[in-house]
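A.B. asks: Have a peek at model_18.tsv (TSV, C-alpha atoms).
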```
chain	number	residue	atom	x	y	z
A	1	MET	CA	-66.90	65.72	-33.06
A	2	ILE	CA	-67.00	63.60	-36.22
A	3	ARG	CA	-70.43	64.95	-37.14
A	4	ALA	CA	-69.22	68.50	-36.65
A	5	LEU	CA	-66.26	67.87	-38.91
A	6	CYS	CA	-68.52	66.33	-41.51
A	7	VAL	CA	-70.91	69.29	-41.41
A	8	LEU	CA	-67.94	71.63	-41.82
A	9	LEU	CA	-66.74	69.55	-44.74
A	10	CYS	CA	-70.13	69.82	-46.38
A	11	LEU	CA	-70.30	73.57	-45.87
A	12	ALA	CA	-66.78	74.10	-47.16
A	13	THR	CA	-67.15	72.01	-50.28
A	14	PRO	CA	-69.98	73.18	-52.51
A	15	ALA	CA	-69.25	70.29	-54.82
A	16	LEU	CA	-70.96	68.04	-52.28
A	17	ALA	CA	-74.19	70.04	-52.52
A	18	HIS	CA	-75.76	67.86	-55.18
A	19	ARG	CA	-78.44	65.58	-53.68
A	20	LEU	CA	-81.22	68.04	-53.07
A	21	ILE	CA	-84.11	67.85	-55.52
A	22	VAL	CA	-86.16	70.96	-56.22
A	23	PHE	CA	-89.32	71.34	-58.24
A	24	ALA	CA	-91.33	74.52	-58.65
A	25	TYR	CA	-94.50	75.59	-60.40
A	26	ALA	CA	-96.94	78.48	-60.44
A	27	GLU	CA	-100.38	78.18	-58.94
A	28	ASP	CA	-102.98	80.81	-58.06
A	29	GLY	CA	-100.56	83.71	-58.27
A	30	GLN	CA	-97.87	81.98	-56.24
A	31	ILE	CA	-94.68	80.10	-56.93
A	32	VAL	CA	-94.78	76.80	-55.11
A	33	GLY	CA	-91.36	75.34	-54.41
A	34	GLU	CA	-90.95	71.74	-53.30
A	35	ALA	CA	-87.59	70.56	-51.94
A	36	LYS	CA	-86.63	67.08	-50.85
A	37	PHE	CA	-83.53	64.98	-50.58
A	38	GLY	CA	-82.75	61.98	-52.73
A	39	ASN	CA	-84.23	59.68	-50.08
A	40	ASN	CA	-87.56	61.55	-50.32
A	41	ARG	CA	-87.04	63.28	-46.99
A	42	PRO	CA	-88.39	66.84	-47.27
A	43	ALA	CA	-85.91	69.68	-46.84
A	44	THR	CA	-87.23	71.94	-44.13
A	45	VAL	CA	-84.24	73.98	-42.95
A	46	GLY	CA	-82.86	76.45	-45.42
A	47	GLU	CA	-83.86	79.18	-47.82
A	48	VAL	CA	-85.68	79.66	-51.09
A	49	ARG	CA	-84.52	82.50	-53.34
A	50	VAL	CA	-86.26	83.60	-56.50
A	51	GLU	CA	-83.71	85.15	-58.80
A	52	SER	CA	-83.75	86.79	-62.19
A	53	GLU	CA	-81.60	85.41	-64.94
A	54	ALA	CA	-79.03	88.05	-63.98
A	55	GLU	CA	-78.95	86.52	-60.48
A	56	GLU	CA	-80.72	89.44	-58.85
A	57	VAL	CA	-82.64	88.21	-55.85
A	58	LEU	CA	-86.25	89.15	-56.39
A	59	SER	CA	-87.80	87.36	-53.46
A	60	ARG	CA	-86.78	85.01	-50.67
A	61	ALA	CA	-88.36	82.94	-47.94
A	62	PRO	CA	-87.34	80.25	-45.48
A	63	LEU	CA	-88.09	76.66	-46.42
A	64	GLY	CA	-91.57	75.77	-45.32
A	65	ALA	CA	-92.94	72.79	-43.47
A	66	ALA	CA	-92.83	69.52	-45.39
A	67	GLY	CA	-90.39	71.13	-47.80
A	68	VAL	CA	-93.05	73.25	-49.49
A	69	THR	CA	-92.63	77.02	-49.79
A	70	ARG	CA	-94.95	79.56	-51.38
A	71	LEU	CA	-93.95	82.98	-52.67
A	72	GLU	CA	-96.14	85.55	-54.35
A	73	VAL	CA	-95.56	86.01	-58.08
A	74	LEU	CA	-94.36	89.57	-58.56
A	75	PRO	CA	-94.36	91.66	-61.76
A	76	GLU	CA	-90.55	91.47	-61.71
A	77	PHE	CA	-90.86	87.74	-62.42
A	78	SER	CA	-92.32	88.30	-65.88
A	79	ALA	CA	-89.16	87.41	-67.82
A	80	GLY	CA	-88.87	84.12	-65.98
A	81	VAL	CA	-87.02	83.21	-62.82
A	82	VAL	CA	-84.70	80.67	-61.27
A	83	VAL	CA	-85.88	79.25	-57.95
A	84	HIS	CA	-82.85	78.40	-55.82
A	85	VAL	CA	-83.03	76.32	-52.68
A	86	SER	CA	-80.15	75.97	-50.28
A	87	THR	CA	-80.22	73.98	-47.08
A	88	GLU	CA	-78.34	74.26	-43.86
A	89	GLY	CA	-76.40	71.10	-44.66
A	90	GLY	CA	-74.81	72.72	-47.70
A	91	HIS	CA	-77.06	71.18	-50.35
A	92	SER	CA	-78.49	73.29	-53.13
A	93	ASP	CA	-80.55	72.87	-56.26
A	94	TYR	CA	-82.67	75.00	-58.53
A	95	TRP	CA	-85.64	75.02	-60.87
A	96	ILE	CA	-86.26	77.30	-63.85
A	97	LEU	CA	-89.66	78.84	-64.50
A	98	THR	CA	-90.23	80.45	-67.88
A	99	PRO	CA	-92.81	83.17	-68.51
A	100	ALA	CA	-95.10	80.48	-69.90
A	101	ASP	CA	-94.67	78.44	-66.72
A	102	LEU	CA	-95.65	81.54	-64.75
A	103	GLY	CA	-98.67	82.13	-66.93
A	104	VAL	CA	-97.26	85.38	-68.28
A	105	THR	CA	-98.71	86.22	-71.66
A	106	ASP	CA	-97.22	88.76	-74.08
V	1	MET	CA	-110.51	79.85	-111.24
V	2	PRO	CA	-111.37	79.42	-107.56
V	3	ARG	CA	-112.51	75.87	-108.32
V	4	LEU	CA	-109.19	75.15	-110.01
V	5	LEU	CA	-107.34	76.45	-106.99
V	6	LEU	CA	-109.51	74.33	-104.71
V	7	VAL	CA	-108.80	71.20	-106.79
V	8	LEU	CA	-105.09	71.94	-106.74
V	9	PHE	CA	-105.19	72.42	-102.98
V	10	LEU	CA	-106.96	69.12	-102.48
V	11	ILE	CA	-104.64	67.08	-104.69
V	12	TRP	CA	-101.38	68.77	-103.71
V	13	PRO	CA	-99.31	66.43	-101.44
V	14	ALA	CA	-100.03	67.25	-97.82
V	15	SER	CA	-96.33	67.04	-96.98
V	16	VAL	CA	-95.64	69.90	-99.36
V	17	LEU	CA	-98.21	72.12	-97.75
V	18	ALA	CA	-97.43	71.20	-94.15
V	19	GLU	CA	-94.91	73.21	-92.19
V	20	PRO	CA	-91.77	71.20	-91.38
V	21	LEU	CA	-91.80	69.64	-87.95
V	22	ARG	CA	-89.79	71.83	-85.61
V	23	VAL	CA	-87.32	69.64	-83.74
V	24	VAL	CA	-84.92	70.73	-81.01
V	25	ALA	CA	-82.09	68.46	-79.88
V	26	VAL	CA	-79.79	68.74	-76.87
V	27	ASN	CA	-76.68	67.97	-78.90
V	28	SER	CA	-75.37	67.63	-82.43
V	29	VAL	CA	-75.56	63.84	-82.40
V	30	LEU	CA	-79.32	63.75	-81.95
V	31	ALA	CA	-79.76	66.78	-84.19
V	32	ASN	CA	-77.85	65.06	-86.97
V	33	PHE	CA	-79.86	61.87	-86.55
V	34	ALA	CA	-83.12	63.81	-86.72
V	35	ALA	CA	-82.06	65.78	-89.79
V	36	THR	CA	-80.87	62.62	-91.53
V	37	LEU	CA	-84.05	60.74	-90.76
V	38	GLY	CA	-86.52	63.56	-91.27
V	39	GLY	CA	-85.03	65.26	-94.30
V	40	GLU	CA	-87.12	68.15	-95.59
V	41	ALA	CA	-90.01	67.25	-93.33
V	42	VAL	CA	-88.14	68.61	-90.31
V	43	THR	CA	-86.23	71.67	-89.27
V	44	VAL	CA	-83.76	70.83	-86.56
V	45	ASP	CA	-82.30	73.24	-84.06
V	46	MET	CA	-79.41	72.54	-81.71
V	47	PRO	CA	-79.24	75.73	-79.67
V	48	VAL	CA	-75.89	75.24	-77.94
V	49	PRO	CA	-73.42	77.91	-79.10
V	50	GLU	CA	-70.27	76.85	-80.90
V	51	GLY	CA	-67.49	75.86	-78.54
V	52	ARG	CA	-69.79	75.19	-75.61
V	53	ASP	CA	-70.27	71.71	-74.16
V	54	PRO	CA	-73.92	70.72	-74.52
V	55	MET	CA	-73.61	68.48	-71.48
V	56	HIS	CA	-73.04	71.43	-69.17
V	57	TRP	CA	-74.57	74.33	-71.10
V	58	ARG	CA	-77.68	75.95	-69.75
V	59	PRO	CA	-79.97	77.92	-72.07
V	60	ALA	CA	-81.29	81.34	-71.19
V	61	ILE	CA	-84.84	81.39	-69.92
V	62	ALA	CA	-86.10	82.84	-73.19
V	63	GLU	CA	-84.39	79.99	-75.07
V	64	ILE	CA	-86.04	77.46	-72.79
V	65	GLY	CA	-89.35	79.02	-73.70
V	66	GLN	CA	-88.61	78.47	-77.38
V	67	ILE	CA	-87.50	74.90	-76.72
V	68	GLN	CA	-90.69	74.23	-74.75
V	69	SER	CA	-92.73	75.20	-77.80
V	70	ALA	CA	-90.94	72.87	-80.24
V	71	ASP	CA	-92.93	70.10	-81.94
V	72	LEU	CA	-90.38	67.54	-80.78
V	73	ILE	CA	-87.63	67.76	-78.18
V	74	LEU	CA	-84.86	65.18	-78.36
V	75	LEU	CA	-83.14	64.40	-75.08
V	76	ASN	CA	-80.22	62.09	-74.54
V	77	GLY	CA	-81.06	60.90	-71.03
V	78	ALA	CA	-78.48	59.38	-68.67
V	79	GLY	CA	-78.17	62.74	-66.97
V	80	TYR	CA	-76.96	64.50	-70.07
V	81	ALA	CA	-77.70	68.22	-70.31
V	82	GLY	CA	-78.57	68.75	-66.68
V	83	TRP	CA	-80.76	71.76	-67.42
V	84	THR	CA	-83.39	69.47	-68.93
V	85	ALA	CA	-84.09	68.12	-65.43
V	86	LYS	CA	-84.37	71.64	-64.00
V	87	THR	CA	-87.36	72.91	-65.95
V	88	SER	CA	-90.66	71.66	-67.32
V	89	LEU	CA	-90.53	70.17	-70.77
V	90	PRO	CA	-93.73	68.92	-72.40
V	91	ARG	CA	-93.71	65.19	-71.85
V	92	ALA	CA	-95.84	64.43	-74.88
V	93	ARG	CA	-93.39	66.20	-77.15
V	94	SER	CA	-90.14	65.04	-75.52
V	95	VAL	CA	-88.23	61.87	-76.35
V	96	VAL	CA	-85.59	60.45	-74.06
V	97	THR	CA	-83.62	58.59	-76.68
V	98	THR	CA	-81.89	56.26	-74.23
V	99	LYS	CA	-85.06	55.17	-72.46
V	100	GLY	CA	-84.95	51.79	-74.15
V	101	PHE	CA	-81.62	50.84	-72.63
V	102	GLU	CA	-81.49	52.43	-69.19
V	103	ASP	CA	-80.59	49.01	-67.80
V	104	ARG	CA	-77.33	49.26	-69.73
V	105	PHE	CA	-76.21	52.60	-68.39
V	106	ILE	CA	-72.75	52.76	-66.93
V	107	THR	CA	-72.73	54.10	-63.41
V	108	THR	CA	-69.73	54.86	-61.31
V	109	GLU	CA	-69.34	55.46	-57.63
V	110	GLU	CA	-68.23	59.00	-56.99
V	111	THR	CA	-64.89	59.02	-55.22
V	112	VAL	CA	-65.92	61.29	-52.35
V	113	THR	CA	-67.55	59.63	-49.39
V	114	HIS	CA	-69.16	61.95	-46.96
V	115	SER	CA	-71.43	61.91	-43.99
V	116	HIS	CA	-74.04	64.35	-42.85
V	117	GLY	CA	-77.40	64.40	-41.20
V	118	ALA	CA	-79.30	61.21	-40.65
V	119	GLU	CA	-78.04	59.58	-43.80
V	120	GLY	CA	-74.69	58.68	-42.32
V	121	GLU	CA	-71.71	57.82	-44.45
V	122	HIS	CA	-72.53	57.43	-48.11
V	123	SER	CA	-71.26	58.09	-51.58
V	124	HIS	CA	-73.17	58.79	-54.74
V	125	THR	CA	-73.37	57.13	-58.08
V	126	ALA	CA	-72.96	59.04	-61.30
V	127	THR	CA	-74.19	57.91	-64.69
V	128	SER	CA	-71.94	58.14	-67.71
V	129	ALA	CA	-73.84	60.10	-70.28
V	130	ILE	CA	-71.90	59.82	-73.54
V	131	THR	CA	-73.91	56.84	-74.67
V	132	TRP	CA	-73.57	57.31	-78.43
V	133	LEU	CA	-69.94	56.22	-78.55
V	134	ASP	CA	-71.27	52.68	-78.29
V	135	PHE	CA	-72.46	52.75	-81.88
V	136	ALA	CA	-74.98	49.96	-81.39
V	137	LEU	CA	-76.58	52.06	-78.63
V	138	ALA	CA	-76.40	55.07	-80.95
V	139	ALA	CA	-78.43	53.01	-83.42
V	140	GLU	CA	-81.05	52.46	-80.71
V	141	GLN	CA	-81.15	56.20	-80.10
V	142	ALA	CA	-81.61	56.75	-83.82
V	143	ARG	CA	-84.49	54.25	-83.84
V	144	ALA	CA	-86.12	56.07	-80.92
V	145	ILE	CA	-85.96	59.31	-82.92
V	146	ALA	CA	-87.34	57.56	-85.98
V	147	ALA	CA	-90.26	56.19	-83.97
V	148	ALA	CA	-91.06	59.68	-82.68
V	149	LEU	CA	-90.89	61.15	-86.18
V	150	ASP	CA	-93.08	58.35	-87.55
V	151	GLN	CA	-95.82	59.37	-85.12
V	152	ARG	CA	-95.73	62.92	-86.40
V	153	LEU	CA	-94.92	62.80	-90.10
V	154	GLU	CA	-97.02	61.81	-93.07
V	155	THR	CA	-94.33	59.65	-94.68
V	156	PRO	CA	-92.70	56.75	-92.80
V	157	VAL	CA	-89.10	57.38	-91.86
V	158	ASP	CA	-86.43	55.20	-93.46
V	159	THR	CA	-83.81	54.30	-90.87
V	160	SER	CA	-81.77	51.95	-93.01
V	161	THR	CA	-79.04	54.29	-94.22
V	162	LEU	CA	-78.35	55.78	-90.82
V	163	VAL	CA	-78.63	52.53	-88.86
V	164	ASP	CA	-76.52	50.65	-91.41
V	165	GLY	CA	-73.90	53.36	-91.09
V	166	LEU	CA	-73.93	53.16	-87.30
V	167	MET	CA	-73.63	49.39	-87.34
V	168	ALA	CA	-70.72	49.68	-89.75
V	169	LEU	CA	-69.02	51.95	-87.23
V	170	ASP	CA	-69.80	49.38	-84.58
V	171	ALA	CA	-68.13	46.68	-86.65
V	172	GLN	CA	-65.09	48.83	-87.33
V	173	ALA	CA	-64.71	49.73	-83.66
V	174	ARG	CA	-65.12	46.10	-82.66
V	175	GLU	CA	-62.31	45.13	-85.03
V	176	ILE	CA	-60.06	47.83	-83.62
V	177	GLY	CA	-60.78	46.73	-80.06
V	178	ALA	CA	-60.11	43.10	-80.86
V	179	GLY	CA	-56.67	43.99	-82.10
V	180	MET	CA	-55.65	46.16	-79.17
V	181	ASP	CA	-53.24	45.08	-76.46
V	182	VAL	CA	-52.76	48.52	-74.93
V	183	PRO	CA	-55.28	50.70	-73.14
V	184	LEU	CA	-56.44	54.12	-74.19
V	185	ILE	CA	-55.62	57.07	-72.00
V	186	ALA	CA	-58.39	59.65	-72.09
V	187	ALA	CA	-57.94	63.30	-71.29
V	188	HIS	CA	-61.51	63.27	-70.00
V	189	PRO	CA	-63.84	60.43	-68.93
V	190	TYR	CA	-66.01	60.51	-72.04
V	191	TYR	CA	-65.24	57.07	-73.42
V	192	ALA	CA	-66.83	54.65	-70.96
V	193	TYR	CA	-69.40	53.29	-73.40
V	194	PHE	CA	-66.81	53.06	-76.17
V	195	GLY	CA	-64.46	51.11	-73.92
V	196	ARG	CA	-67.14	48.74	-72.69
V	197	ALA	CA	-68.63	48.06	-76.11
V	198	TYR	CA	-65.35	47.32	-77.82
V	199	GLY	CA	-63.44	45.60	-75.02
V	200	ILE	CA	-60.96	48.43	-74.58
V	201	GLU	CA	-59.52	49.50	-71.26
V	202	VAL	CA	-59.74	53.26	-70.89
V	203	ILE	CA	-57.66	55.02	-68.25
V	204	ASN	CA	-59.18	58.38	-67.40
V	205	LEU	CA	-57.20	61.44	-66.55
V	206	ASP	CA	-58.58	64.90	-66.06
V	207	TRP	CA	-56.80	67.15	-68.53
V	208	ASP	CA	-58.35	70.23	-70.05
V	209	PRO	CA	-57.23	70.50	-73.69
V	210	GLY	CA	-57.48	74.25	-73.40
V	211	VAL	CA	-55.02	74.48	-70.53
V	212	PRO	CA	-51.32	73.48	-70.40
V	213	PRO	CA	-50.87	70.34	-68.31
V	214	THR	CA	-49.38	70.77	-64.87
V	215	ALA	CA	-46.27	69.00	-63.64
V	216	ALA	CA	-48.48	66.80	-61.44
V	217	GLN	CA	-50.63	65.82	-64.40
V	218	ILE	CA	-47.58	64.94	-66.48
V	219	ALA	CA	-46.16	62.92	-63.60
V	220	ARG	CA	-49.41	61.00	-63.34
V	221	LEU	CA	-49.30	60.31	-67.07
V	222	GLU	CA	-45.72	59.09	-66.76
V	223	ASP	CA	-46.84	56.63	-64.06
V	224	VAL	CA	-49.54	55.33	-66.37
V	225	LEU	CA	-47.12	55.00	-69.26
V	226	MET	CA	-44.67	53.04	-67.08
V	227	LYS	CA	-47.38	50.42	-66.66
V	228	HIS	CA	-48.78	50.74	-70.18
V	229	PRO	CA	-46.10	51.66	-72.67
V	230	GLY	CA	-47.52	52.28	-76.11
V	231	ALA	CA	-50.93	53.41	-74.86
V	232	VAL	CA	-52.70	55.89	-77.14
V	233	PHE	CA	-53.88	59.20	-75.72
V	234	LEU	CA	-57.29	60.58	-76.63
V	235	TRP	CA	-58.05	64.28	-76.59
V	236	HIS	CA	-61.72	65.12	-76.98
V	237	ARG	CA	-60.79	68.33	-78.75
V	238	ALA	CA	-57.59	69.82	-80.11
V	239	PRO	CA	-55.19	70.68	-77.29
V	240	VAL	CA	-53.19	73.82	-76.74
V	241	GLU	CA	-49.63	73.68	-78.01
V	242	GLU	CA	-48.22	72.96	-74.53
V	243	GLY	CA	-50.37	69.88	-74.27
V	244	ARG	CA	-49.29	68.62	-77.65
V	245	ILE	CA	-45.63	69.25	-76.80
V	246	ALA	CA	-45.95	67.50	-73.43
V	247	LEU	CA	-47.21	64.32	-75.08
V	248	ALA	CA	-44.66	64.49	-77.87
V	249	ALA	CA	-41.89	64.76	-75.27
V	250	LEU	CA	-43.12	61.49	-73.79
V	251	ASN	CA	-43.37	59.86	-77.21
V	252	VAL	CA	-47.07	59.32	-76.73
V	253	GLN	CA	-49.27	58.68	-79.73
V	254	ALA	CA	-52.14	61.11	-79.33
V	255	ILE	CA	-55.23	61.74	-81.41
V	256	VAL	CA	-58.28	63.95	-81.18
V	257	PHE	CA	-61.33	61.71	-80.79
V	258	ASP	CA	-64.09	64.29	-81.04
V	259	ILE	CA	-67.20	62.94	-79.34
V	260	GLY	CA	-69.38	64.92	-81.73
V	261	ALA	CA	-71.55	66.57	-79.11
V	262	ASN	CA	-71.31	70.05	-80.64
V	263	ASP	CA	-70.24	69.45	-84.17
V	264	GLU	CA	-70.92	70.73	-87.68
V	265	LYS	CA	-69.77	67.48	-89.21
V	266	PRO	CA	-72.26	64.66	-89.82
V	267	PHE	CA	-71.98	62.03	-87.12
V	268	LEU	CA	-71.03	59.14	-89.38
V	269	ASP	CA	-68.26	61.18	-90.99
V	270	ARG	CA	-66.93	62.37	-87.64
V	271	MET	CA	-66.82	58.91	-86.11
V	272	THR	CA	-65.32	57.33	-89.20
V	273	GLY	CA	-62.56	59.91	-88.99
V	274	ASN	CA	-62.10	59.19	-85.28
V	275	LEU	CA	-61.84	55.46	-85.81
V	276	ASP	CA	-59.49	55.82	-88.76
V	277	ALA	CA	-57.24	58.07	-86.68
V	278	LEU	CA	-57.29	55.61	-83.80
V	279	ALA	CA	-56.45	52.69	-86.06
V	280	ALA	CA	-53.60	54.65	-87.58
V	281	ALA	CA	-52.23	55.61	-84.16
V	282	LEU	CA	-52.39	52.02	-82.98
V	283	GLY	CA	-50.73	50.83	-86.12
V	284	SER	CA	-47.86	53.22	-85.82
V	285	GLY	CA	-47.23	52.52	-82.14
```
Could you take the file, read its structure, and then write that structure out as structure tokens?

C.D. replies:
Amino acid sequence: MIRALCVLLCLATPALAHRLIVFAYAEDGQIVGEAKFGNNRPATVGEVRVESEAEEVLSRAPLGAAGVTRLEVLPEFSAGVVVHVSTEGGHSDYWILTPADLGVTD
Amino acid sequence: MPRLLLVLFLIWPASVLAEPLRVVAVNSVLANFAATLGGEAVTVDMPVPEGRDPMHWRPAIAEIGQIQSADLILLNGAGYAGWTAKTSLPRARSVVTTKGFEDRFITTEETVTHSHGAEGEHSHTATSAITWLDFALAAEQARAIAAALDQRLETPVDTSTLVDGLMALDAQAREIGAGMDVPLIAAHPYYAYFGRAYGIEVINLDWDPGVPPTAAQIARLEDVLMKHPGAVFLWHRAPVEEGRIALAALNVQAIVFDIGANDEKPFLDRMTGNLDALAAALGSG
């Protein structure tokens, strides 16, 4: 009962979603997102969303095993993207990839 | 003629021919330090728009790209400017100006305790980020910038004027603190390092200068004033008229103590003005 209340509290209070750590980079035509909690435990239940600066969702995928998720780099990513990760426990974090990070040249 | 031009090229000072070092800073404090130390050998950019708080501002992706390409990127550290931890910045060209005194950061326990997953009940610590209001620490940040510039510029950087000025502020603040027997009441928790450095109790509220205070906020202030009559109130920027009136109605001495994070004024001038205003408010209380 107490755990259920605590989970509800976490879901209802986005301000508590602040201990997830996300890192992302581009490799071999893919964005690789790595998500873990502050205690180094990988985040494995949740979603990765690749968004434009205007917050348009360009791509999404469930969190992968060991907290690592791969998404194909699409032409729509060329102006840079924000990689958002949100977990079932109500934690969220993001990482910004610029065109240079994505290997996009002018 | 070509030979003459070649001779001129060879003897002309390299610093005149070299492009200025392009420096980007996360706030006006570090930008001002870099400009003061580097002079004409640097161009300094602080990209945060006027009126925005550099601590919470996030640049557009294109702006991050420009920042990534700077010759030198000055970061505050202590969690300041959260966006800098959310993107890749070139390590070799970035300076965390507080790296030398991380053991002296002020951390606070967040007030919310929660429990979820396997972690069980826990709370989180938060680091106070406005380090430069301890002017001795600001001098260390200035020295860190100077060291970074020295590695990149032809001419050694002279820190004496800036550091002497910061230590003079430190001495002035220390004198003010030594003479205080009332706490400061802060509209926002920006003054932790100032309070610790100068032996001043700071009571933090959570007032937005841009918004009229609520009845609950005024009641809370009244409670504080019951325990600490004569306390001086610090706004971090000029308040709306309702805020000014609310404090006047309670006979509270209030000043604007601008923390200088997004500021046209040179840091030493701004802080001298802040300290003079504080001393005057304390003297008239």

A.B. asks: Would you list the residues near (-76.6, 65.9, -81.8) (no more than 12 Å away, in the coordinates of the file, using all atoms listed in the file) as a PyMOL selection string?

C.D. replies: chain V and resi 23-36+44-48+53-55+73-76+80-81+97+130-132+138+141-142+145+259-268+270

A.B. asks: Take the residues from that selection and put them in a file with C-alpha atoms, as an mmCIF file, in the frame of the given file.

C.D. replies:
```cif
data_model
loop_
_atom_site.group_PDB
_atom_site.id
_atom_site.type_symbol
_atom_site.label_atom_id
_atom_site.label_comp_id
_atom_site.auth_asym_id
_atom_site.auth_seq_id
_atom_site.Cartn_x
_atom_site.Cartn_y
_atom_site.Cartn_z
ATOM 1 C CA VAL V 23 -87.320 69.640 -83.740
ATOM 2 C CA VAL V 24 -84.920 70.730 -81.010
ATOM 3 C CA ALA V 25 -82.090 68.460 -79.880
ATOM 4 C CA VAL V 26 -79.790 68.740 -76.870
ATOM 5 C CA ASN V 27 -76.680 67.970 -78.900
ATOM 6 C CA SER V 28 -75.370 67.630 -82.430
ATOM 7 C CA VAL V 29 -75.560 63.840 -82.400
ATOM 8 C CA LEU V 30 -79.320 63.750 -81.950
ATOM 9 C CA ALA V 31 -79.760 66.780 -84.190
ATOM 10 C CA ASN V 32 -77.850 65.060 -86.970
ATOM 11 C CA PHE V 33 -79.860 61.870 -86.550
ATOM 12 C CA ALA V 34 -83.120 63.810 -86.720
ATOM 13 C CA ALA V 35 -82.060 65.780 -89.790
ATOM 14 C CA THR V 36 -80.870 62.620 -91.530
ATOM 15 C CA VAL V 44 -83.760 70.830 -86.560
ATOM 16 C CA ASP V 45 -82.300 73.240 -84.060
ATOM 17 C CA MET V 46 -79.410 72.540 -81.710
ATOM 18 C CA PRO V 47 -79.240 75.730 -79.670
ATOM 19 C CA VAL V 48 -75.890 75.240 -77.940
ATOM 20 C CA ASP V 53 -70.270 71.710 -74.160
ATOM 21 C CA PRO V 54 -73.920 70.720 -74.520
ATOM 22 C CA MET V 55 -73.610 68.480 -71.480
ATOM 23 C CA ILE V 73 -87.630 67.760 -78.180
ATOM 24 C CA LEU V 74 -84.860 65.180 -78.360
ATOM 25 C CA LEU V 75 -83.140 64.400 -75.080
ATOM 26 C CA ASN V 76 -80.220 62.090 -74.540
ATOM 27 C CA TYR V 80 -76.960 64.500 -70.070
ATOM 28 C CA ALA V 81 -77.700 68.220 -70.310
ATOM 29 C CA THR V 97 -83.620 58.590 -76.680
ATOM 30 C CA ILE V 130 -71.900 59.820 -73.540
ATOM 31 C CA THR V 131 -73.910 56.840 -74.670
ATOM 32 C CA TRP V 132 -73.570 57.310 -78.430
ATOM 33 C CA ALA V 138 -76.400 55.070 -80.950
ATOM 34 C CA GLN V 141 -81.150 56.200 -80.100
ATOM 35 C CA ALA V 142 -81.610 56.750 -83.820
ATOM 36 C CA ILE V 145 -85.960 59.310 -82.920
ATOM 37 C CA ILE V 259 -67.200 62.940 -79.340
ATOM 38 C CA GLY V 260 -69.380 64.920 -81.730
ATOM 39 C CA ALA V 261 -71.550 66.570 -79.110
ATOM 40 C CA ASN V 262 -71.310 70.050 -80.640
ATOM 41 C CA ASP V 263 -70.240 69.450 -84.170
ATOM 42 C CA GLU V 264 -70.920 70.730 -87.680
ATOM 43 C CA LYS V 265 -69.770 67.480 -89.210
ATOM 44 C CA PRO V 266 -72.260 64.660 -89.820
ATOM 45 C CA PHE V 267 -71.980 62.030 -87.120
ATOM 46 C CA LEU V 268 -71.030 59.140 -89.380
ATOM 47 C CA ARG V 270 -66.930 62.370 -87.640
#
```

A.B. asks: Of the candidates A:Ser92, A:Ser59, A:Asn39, A:Ser86, which one gets nearest to chain V if we count all atoms listed in the file?

C.D. replies: A:Asn39

A.B. asks: One decimal, Å: what's the distance from CA of Gly177 in chain V over to CA of Arg244 in chain V, could you say?

C.D. replies: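 Interatomic distance here is 24.8 Å.
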
A.B. asks: Which is closest to Lys86 in chain V among A:Val32, A:Pro42, A:His84, A:Leu71, if we use all atoms listed in the file?

C.D. replies: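 Of A:Val32, A:Pro42, A:His84, A:Leu71, the one nearest Lys86 in chain V, counting all atoms listed in the file, is A:His84.
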
A.B. asks: My list of candidates is V:Gly179, V:Ile61, V:Leu149, V:His188. Which is closest to Glu51 in chain A when distances are computed with only C-alpha atoms?

C.D. replies: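 Smallest distance to Glu51 in chain A is found for V:Ile61.
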
A.B. asks: Can you tell me, as an MDAnalysis selection string, which residues sit within 12 Å of (-52.5, 41.9, -74.0) in the file's frame, using all atoms listed in the file?

C.D. replies: chainID V and resid 177:183 199:201 228:231

A.B. asks: Which residues come within 9 Å of Gly80 in chain A, counting all atoms listed in the file, excluding same-chain residues fewer than 2 positions away, as a PDB file with C-alpha atoms, keeping the file's coordinate frame?

C.D. replies:
```pdb
ATOM      1  CA  GLU A  51     -83.710  85.150 -58.800  1.00  0.00           C
ATOM      2  CA  SER A  52     -83.750  86.790 -62.190  1.00  0.00           C
ATOM      3  CA  GLU A  53     -81.600  85.410 -64.940  1.00  0.00           C
ATOM      4  CA  GLU A  76     -90.550  91.470 -61.710  1.00  0.00           C
ATOM      5  CA  PHE A  77     -90.860  87.740 -62.420  1.00  0.00           C
ATOM      6  CA  SER A  78     -92.320  88.300 -65.880  1.00  0.00           C
ATOM      7  CA  VAL A  82     -84.700  80.670 -61.270  1.00  0.00           C
ATOM      8  CA  ILE A  96     -86.260  77.300 -63.850  1.00  0.00           C
ATOM      9  CA  LEU A  97     -89.660  78.840 -64.500  1.00  0.00           C
ATOM     10  CA  THR A  98     -90.230  80.450 -67.880  1.00  0.00           C
ATOM     11  CA  PRO A  99     -92.810  83.170 -68.510  1.00  0.00           C
ATOM     12  CA  ALA A 100     -95.100  80.480 -69.900  1.00  0.00           C
ATOM     13  CA  ASP A 101     -94.670  78.440 -66.720  1.00  0.00           C
ATOM     14  CA  LEU A 102     -95.650  81.540 -64.750  1.00  0.00           C
ATOM     15  CA  VAL A 104     -97.260  85.380 -68.280  1.00  0.00           C
TER      16      VAL A 104
ATOM     17  CA  ILE V  61     -84.840  81.390 -69.920  1.00  0.00           C
ATOM     18  CA  ALA V  62     -86.100  82.840 -73.190  1.00  0.00           C
TER      19      ALA V  62
END
```
